[in-house]
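Asker: Sharing a structure here in structure tokens format.
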Amino acid sequence: MIRNARLYWPCSPSATAFFRYPLQCFRHFFDTAARHVLPLCLASEHQPVVFATAIFQAQAVMYRIPQDLDLSGIIGEFTTQVLVGQFDIQFRFGKYHFAIQSDIHLIRHGEVIGVWQSGAWPPQQFFEVMNVNVVACQMPDERKVVIHLENGMEIHLRDDSNKFECMQIYVDGEQSPYII
């Protein structure tokens, strides 16, 4: 999801680089995480081919937890669903829905009591989060969300990949999920 995007169209007079080195151009496109670069070939009657690059300078919300993400509304909500898939686990707290593909740690009184990893069933301690109120939610850094529950448990969600999405946060009423 891109927010506050501004579009710039710097055009070069020739498409030589793109046509001689298409793989390098596309590799650059896919390797760019902070900005999205779209190579476009434009043709018209008067100009045979013009190579253009659309650069989106935007507030990045992918691959890190965005600073403007407001999870304060989760306080007072309770866990209504825990969904387990082969490669993800999902939690729903009222209008907040978390889909996680990275490791999840359950902590009680500073001690890890359960860990979920992709491709495995969650341990039985994950059942203890059902129907429990959220008393606090923290984002200590750009890679971690900690959900504190009324029963003393903490759910630690972590962005543990530099290359792939590992968490999606959906908020009912908002158009797109936060992709982390």
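Residue numbering restarts at 1 in every chain; chains get A, B, ... in the order shown in the structure tokens, and ligands count up from 1 in that same order.
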Report the closest atom pair, with its distance in Å rounded to one decimal, for each residue of region 83-128 of chain A that has an atom no farther than 10 Å from region 163-173 of chain A; count only C-alpha atoms, sort by chain and then rising residue number, and write it as a tab-separated table.

Answerer:
residue	atom	partner	partner_atom	distance
A:Asp88	CA	A:Cys166	CA	8.9
A:Ile89	CA	A:Met167	CA	9.8
A:Gln90	CA	A:Gln168	CA	9.4
A:Phe91	CA	A:Ile169	CA	9.8
A:Arg92	CA	A:Tyr170	CA	9.3
A:Phe93	CA	A:Val171	CA	9.8
A:Gly94	CA	A:Asp172	CA	8.8
A:Lys95	CA	A:Asp172	CA	5.1
A:Tyr96	CA	A:Val171	CA	4.8
A:His97	CA	A:Tyr170	CA	5.0
A:Phe98	CA	A:Ile169	CA	4.7
A:Ala99	CA	A:Gln168	CA	5.1
A:Ile100	CA	A:Met167	CA	4.4
A:Gln101	CA	A:Cys166	CA	4.7
A:Ser102	CA	A:Cys166	CA	5.4
A:Asp103	CA	A:Cys166	CA	9.1

Asker: Using only C-alpha atoms, can you tell me which of A:Arg64, A:Ile155, A:Ile147, A:Ser72 comes closest to Gly114 (chain A)?

Answerer: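 Selected residue with least distance to Gly114 (chain A): A:Ile155.
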
Asker: Between A:Val135, A:Leu71, A:Leu157, A:Ile180, single out the one closest to Ile104 (chain A), counting only C-alpha atoms.

Answerer: A:Leu157

Asker: Can you work out the spacing between CA of Ala136 (chain A) and CA of Ile75 (chain A) in Å, to one decimal?

Answerer: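 Computing the Euclidean distance for CA of Ala136 (chain A) and CA of Ile75 (chain A) yields 5.7 Å.
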
Asker: Go ahead and compute the interatomic distance for CA of Gln138 (chain A) and CA of Gln86 (chain A), in Å to one decimal.

Answerer: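 If I compute the distance from CA of Gln138 (chain A) to CA of Gln86 (chain A), I get 27.4 Å.
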
Asker: Could you pull the residues within 12 Å of Gln124 (chain A), counting only C-alpha atoms, minus those fewer than 2 positions along the same chain, as a PyMOL selection string?

Answerer: chain A and resi 106+113-116+121-122+126-130

Asker: Take the residues that were just selected and, keeping C-alpha atoms, output them as a PDB file, in the first residue's frame.

Answerer:
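Okay, part.pdb is ready:
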ATOM      1  CA  LEU A 106       4.038 -15.767  23.694  1.00  0.00           C
ATOM      2  CA  ILE A 113       5.892 -19.940  27.085  1.00  0.00           C
ATOM      3  CA  GLY A 114       5.111 -20.654  23.431  1.00  0.00           C
ATOM      4  CA  VAL A 115       6.536 -20.116  19.958  1.00  0.00           C
ATOM      5  CA  TRP A 116       4.732 -20.560  16.650  1.00  0.00           C
ATOM      6  CA  TRP A 121       0.704 -26.237  14.620  1.00  0.00           C
ATOM      7  CA  PRO A 122       0.802 -23.688  17.429  1.00  0.00           C
ATOM      8  CA  PHE A 126      -1.943 -20.177  21.989  1.00  0.00           C
ATOM      9  CA  PHE A 127      -5.424 -21.268  23.105  1.00  0.00           C
ATOM     10  CA  GLU A 128      -4.984 -19.111  26.224  1.00  0.00           C
ATOM     11  CA  VAL A 129      -5.237 -15.915  24.132  1.00  0.00           C
ATOM     12  CA  MET A 130      -8.875 -16.549  23.162  1.00  0.00           C
TER      13      MET A 130
END
